[in-house]
>>> print(open('protein.txt').read())   # compact mmCIF, C-alpha atoms
# COMPACT_ATOMS: atom_id res chain seq x y z
CA MET A 678 -3.70 60.70 -18.93
CA PRO A 679 -5.74 63.88 -18.52
CA VAL A 680 -6.26 63.99 -22.28
CA ILE A 681 -7.75 60.49 -22.24
CA GLN A 682 -10.04 61.42 -19.33
CA ASN A 683 -11.11 64.56 -21.16
CA LEU A 684 -11.86 62.51 -24.26
CA LYS A 685 -13.93 60.06 -22.20
CA CYS A 686 -15.84 62.96 -20.60
CA MET A 687 -16.47 64.47 -24.02
CA GLU A 688 -17.61 61.12 -25.38
CA GLN A 689 -19.97 60.69 -22.43
CA THR A 690 -21.48 64.13 -22.92
CA LEU A 691 -21.95 63.41 -26.59
CA THR A 692 -23.63 60.05 -26.00
CA GLU A 693 -25.72 61.13 -23.02
CA PRO A 694 -28.09 63.33 -25.07
CA LYS A 695 -28.64 60.42 -27.45
CA LYS A 696 -29.46 58.11 -24.57
CA LEU A 697 -31.62 60.76 -23.00
CA LYS A 698 -33.43 61.33 -26.27
CA GLU A 699 -33.96 57.58 -26.68
CA ARG A 700 -35.39 57.35 -23.16
CA ILE A 701 -37.68 60.32 -23.81
CA VAL A 702 -38.92 58.69 -27.02
CA GLN A 703 -39.52 55.41 -25.17
CA MET A 704 -41.42 57.21 -22.43
CA HIS A 705 -43.45 59.06 -25.06
CA GLU A 706 -44.39 55.79 -26.71
CA LYS A 707 -45.68 54.51 -23.36
CA VAL A 708 -47.59 57.71 -22.62
CA LYS A 709 -49.32 58.06 -26.03
CA PRO A 710 -51.77 55.18 -25.53
CA ILE A 711 -52.56 56.42 -22.02
CA GLU A 712 -53.23 59.94 -23.32
CA ALA A 713 -55.31 58.59 -26.20
CA GLU A 714 -57.40 56.53 -23.76
CA LYS A 715 -57.83 59.55 -21.51
CA ILE A 716 -58.96 61.70 -24.45
CA ARG A 717 -61.39 58.97 -25.55
CA GLN A 718 -62.84 58.72 -22.04
CA GLU A 719 -63.22 62.50 -21.78
CA ARG A 720 -65.03 62.58 -25.14
CA GLU A 721 -67.26 59.72 -24.02
CA GLN A 722 -68.15 61.53 -20.79
CA LYS A 723 -68.92 64.71 -22.72
CA LEU A 724 -71.22 62.82 -25.09
CA LYS A 725 -73.03 61.18 -22.20
CA LYS A 726 -73.34 64.54 -20.45
CA ASP A 727 -74.68 66.12 -23.65
CA SER A 728 -77.38 63.47 -23.85
CA VAL A 729 -78.92 64.93 -20.69
CA GLU A 730 -80.98 67.91 -21.77
CA SER A 731 -81.77 70.90 -19.64
CA PRO A 732 -85.31 72.29 -19.46
CA ILE A 733 -84.23 75.21 -21.65
CA SER A 734 -82.84 72.83 -24.29
CA LYS A 735 -86.02 70.78 -24.20
CA GLN A 736 -88.10 73.92 -24.68
CA LYS A 737 -86.00 75.06 -27.64
CA TYR A 738 -86.32 71.62 -29.20
CA LYS A 739 -90.11 71.69 -28.77
CA VAL A 740 -90.29 75.06 -30.53
CA ILE A 741 -88.14 74.02 -33.47
CA SER A 742 -89.86 70.63 -33.70
CA LYS A 743 -93.25 72.31 -33.90
CA GLU A 744 -91.92 74.59 -36.66
CA ILE A 745 -90.65 71.57 -38.59
CA LYS A 746 -94.03 69.84 -38.31
CA GLU A 747 -95.79 72.94 -39.65
CA LEU A 748 -93.35 73.24 -42.57
CA GLU A 749 -93.75 69.55 -43.43
CA LYS A 750 -97.42 70.10 -44.23
CA THR A 751 -96.80 72.66 -46.96
CA SER A 752 -93.18 72.40 -48.12
CA SER A 753 -90.84 69.99 -49.85
CA PHE A 754 -87.98 68.25 -48.05
CA GLU A 755 -85.37 70.65 -49.45
CA GLN A 756 -87.34 73.68 -48.28
CA VAL A 757 -87.86 72.19 -44.83
CA MET A 758 -84.17 71.32 -44.57
CA THR A 759 -83.06 74.82 -45.58
CA ALA A 760 -85.53 76.57 -43.30
CA THR A 761 -84.62 74.34 -40.35
CA MET A 762 -80.90 74.97 -40.75
CA GLN A 763 -81.52 78.72 -40.91
CA ARG A 764 -83.67 78.56 -37.78
CA MET A 765 -81.07 76.53 -35.92
CA VAL A 766 -78.50 79.24 -36.58
CA SER A 767 -80.78 82.23 -35.97
CA GLN A 768 -82.33 80.83 -32.77
CA ALA A 769 -78.99 79.66 -31.36
CA VAL A 770 -80.18 76.09 -30.85
CA PRO A 771 -77.92 74.36 -28.28
CA GLN A 772 -75.48 71.80 -29.67
CA LYS A 773 -76.89 69.10 -27.40
CA ILE A 774 -80.23 69.00 -29.26
CA HIS A 775 -78.90 69.14 -32.82
CA TRP A 776 -79.09 65.36 -33.03
CA ARG A 777 -82.82 65.46 -32.27
CA VAL A 778 -83.45 67.99 -35.01
CA TYR A 779 -81.44 65.89 -37.47
CA LEU A 780 -83.47 62.85 -36.37
CA ASP A 781 -86.70 64.70 -37.17
CA LEU A 782 -85.34 65.72 -40.56
CA ALA A 783 -84.21 62.16 -41.29
CA ASP A 784 -87.66 60.86 -40.38
CA PHE A 785 -89.26 63.39 -42.73
CA ALA A 786 -86.86 62.45 -45.53
CA LYS A 787 -87.72 58.78 -45.00
CA ARG A 788 -91.45 59.55 -45.22
CA GLU A 789 -90.80 61.50 -48.44
CA THR A 790 -88.92 58.42 -49.83
CA LYS A 791 -85.63 60.29 -49.98
CA PHE A 792 -83.66 57.39 -48.60
CA GLN A 793 -80.19 58.66 -49.47
CA GLU A 794 -80.79 61.94 -47.67
CA ALA A 795 -82.37 60.08 -44.76
CA ALA A 796 -79.40 57.72 -44.49
CA ALA A 797 -76.98 60.66 -44.52
CA LEU A 798 -78.96 62.40 -41.76
CA PHE A 799 -79.15 59.22 -39.69
CA LYS A 800 -75.37 58.91 -39.96
CA VAL A 801 -75.05 62.47 -38.67
CA VAL A 802 -77.40 61.62 -35.80
CA VAL A 803 -75.44 58.56 -34.68
CA ALA A 804 -72.11 60.38 -35.09
CA THR A 805 -73.35 63.39 -33.13
CA GLN A 806 -74.91 61.40 -30.30
CA PRO A 807 -73.91 57.72 -30.38
CA TYR A 808 -75.47 57.05 -26.96
CA ALA A 809 -78.99 57.92 -28.12
CA TYR A 810 -80.67 54.65 -29.07
CA GLN A 811 -83.41 56.39 -31.09
CA GLY A 812 -81.02 57.27 -33.92
CA TRP A 813 -79.64 53.76 -34.19
CA LEU A 814 -83.08 52.19 -34.00
CA GLU A 815 -84.66 54.40 -36.67
CA PHE A 816 -81.63 53.98 -38.95
CA ALA A 817 -81.82 50.19 -38.62
CA LYS A 818 -85.56 50.23 -39.29
CA MET A 819 -85.06 52.26 -42.45
CA GLN A 820 -82.29 49.93 -43.63
CA GLU A 821 -84.57 46.94 -43.06
CA GLU A 822 -87.43 48.59 -44.91
CA CYS A 823 -85.13 49.28 -47.86
CA GLY A 824 -84.04 45.64 -47.90
CA ARG A 825 -80.45 46.18 -46.78
>>> encode(input="protein.txt", output="structure tokens")
Amino acid sequence: MPVIQNLKCMEQTLTEPKKLKERIVQMHEKVKPIEAEKIRQEREQKLKKDSVESPISKQKYKVISKEIKELEKTSSFEQVMTATMQRMVSQAVPQKIHWRVYLDLADFAKRETKFQEAAALFKVVVATQPYAYQGWLEFAKMQEECGR
């Protein structure tokens, strides 16, 4: 009799980890959507928070925007794009205003009839800051003007 009891105990200990593992997997499957939703909400909150600019960010945007306007008068789109990217790195432009700079560059590309470059920049704008209506609006206007 003790041998049979020992065998039953051994069988239980062998099957328990399997059951435990199955329960852990089931719990994980339930938790994954909750975690994914939580991550999505955190990202959404961060994007909304980034859409609010500080006075320092606004000032840095004004400076770089003014530089872009000056370059537009004398340079080609490629030169303006290169110079702007270099300035963004050298002046440590805050991440929260990158979308505005890209919007300015997209607008310039559109005025220079470089629609592919403009479309690519508009896509960057709406991906970077999807809660800013200006990017969506300008992108839609350009698409309409191009007959799409």
>>> closest_residue(input="protein.txt", among="A:Arg717, A:Ala783, A:Phe792, A:Val770", to="Glu822 (chain A)", atoms="all atoms listed in the file")
A:Phe792
>>> atom_distance(input="protein.txt", atom1="CA of Trp813 (chain A)", atom2="CA of Val801 (chain A)")
10.8 Å
>>> residues_around(input="protein.txt", residues="region 729-746 of chain A", least_positions_apart="3", cutoff="8 Å", atoms="all atoms listed in the file", output="ChimeraX atom specification")
/A:725-726,749-750,757,761,764-765,770-771,773-774,777-778,781
>>> closest_residue(input="protein.txt", among="A:Thr759, A:His775, A:Gln768, A:Leu748", to="Val803 (chain A)", atoms="all atoms listed in the file")
A:His775
>>> decode(input="protein.txt", residues="region 745-823 of chain A", atoms="C-alpha atoms", output="compact mmCIF listing (two decimals), in the first residue's frame")
# COMPACT_ATOMS: atom_id res chain seq x y z
CA ILE A 745 13.94 78.22 -41.86
CA LYS A 746 12.10 81.22 -43.31
CA GLU A 747 15.41 82.99 -43.99
CA LEU A 748 16.87 79.90 -45.66
CA GLU A 749 13.77 79.44 -47.82
CA LYS A 750 14.43 82.76 -49.54
CA THR A 751 17.86 81.80 -50.86
CA SER A 752 18.20 78.01 -50.79
CA SER A 753 16.72 74.92 -52.37
CA PHE A 754 14.55 72.46 -50.46
CA GLU A 755 17.40 69.97 -50.03
CA GLN A 756 19.68 72.65 -48.59
CA VAL A 757 16.98 73.89 -46.23
CA MET A 758 16.22 70.34 -45.10
CA THR A 759 19.89 69.56 -44.42
CA ALA A 760 20.55 72.82 -42.62
CA THR A 761 17.42 72.46 -40.49
CA MET A 762 18.30 68.93 -39.41
CA GLN A 763 21.80 70.07 -38.47
CA ARG A 764 20.39 72.97 -36.47
CA MET A 765 17.91 70.72 -34.68
CA VAL A 766 20.78 68.54 -33.50
CA SER A 767 23.22 71.34 -32.67
CA GLN A 768 20.66 73.50 -30.84
CA ALA A 769 19.18 70.56 -28.91
CA VAL A 770 15.63 71.27 -30.08
CA PRO A 771 13.15 69.60 -27.68
CA GLN A 772 11.41 66.49 -28.99
CA LYS A 773 8.00 68.05 -28.38
CA ILE A 774 8.48 70.65 -31.14
CA HIS A 775 10.00 68.39 -33.79
CA TRP A 776 6.57 67.92 -35.34
CA ARG A 777 6.22 71.67 -35.85
CA VAL A 778 9.57 71.88 -37.60
CA TYR A 779 8.63 68.95 -39.83
CA LEU A 780 5.33 70.70 -40.57
CA ASP A 781 7.21 73.81 -41.69
CA LEU A 782 9.49 71.72 -43.88
CA ALA A 783 6.52 69.88 -45.38
CA ASP A 784 4.83 73.19 -46.15
CA PHE A 785 7.99 74.43 -47.87
CA ALA A 786 8.27 71.20 -49.88
CA LYS A 787 4.64 71.59 -50.95
CA ARG A 788 5.28 75.17 -52.10
CA GLU A 789 8.32 73.94 -54.05
CA THR A 790 6.08 71.28 -55.72
CA LYS A 791 8.00 68.42 -54.14
CA PHE A 792 4.87 66.50 -53.28
CA GLN A 793 6.52 63.17 -52.48
CA GLU A 794 8.85 64.77 -49.96
CA ALA A 795 5.97 66.81 -48.55
CA ALA A 796 3.81 63.71 -48.17
CA ALA A 797 6.63 61.87 -46.39
CA LEU A 798 7.12 64.81 -44.01
CA PHE A 799 3.39 65.09 -43.34
CA LYS A 800 3.36 61.39 -42.46
CA VAL A 801 6.18 62.02 -39.99
CA VAL A 802 4.22 64.93 -38.52
CA VAL A 803 1.04 62.91 -37.94
CA ALA A 804 3.02 59.95 -36.60
CA THR A 805 5.02 62.15 -34.24
CA GLN A 806 2.04 64.13 -32.94
CA PRO A 807 -1.29 62.57 -33.95
CA TYR A 808 -3.26 64.92 -31.68
CA ALA A 809 -2.16 68.05 -33.55
CA TYR A 810 -4.90 68.85 -36.06
CA GLN A 811 -2.64 71.13 -38.12
CA GLY A 812 -0.66 68.21 -39.54
CA TRP A 813 -3.75 66.26 -40.54
CA LEU A 814 -5.41 69.32 -42.02
CA GLU A 815 -2.43 70.40 -44.14
CA PHE A 816 -1.83 66.82 -45.30
CA ALA A 817 -5.47 66.49 -46.37
CA LYS A 818 -5.34 69.84 -48.17
CA MET A 819 -2.25 68.78 -50.09
CA GLN A 820 -3.85 65.46 -51.03
CA GLU A 821 -6.92 67.30 -52.29
CA GLU A 822 -4.81 69.73 -54.29
CA CYS A 823 -2.97 66.82 -55.90
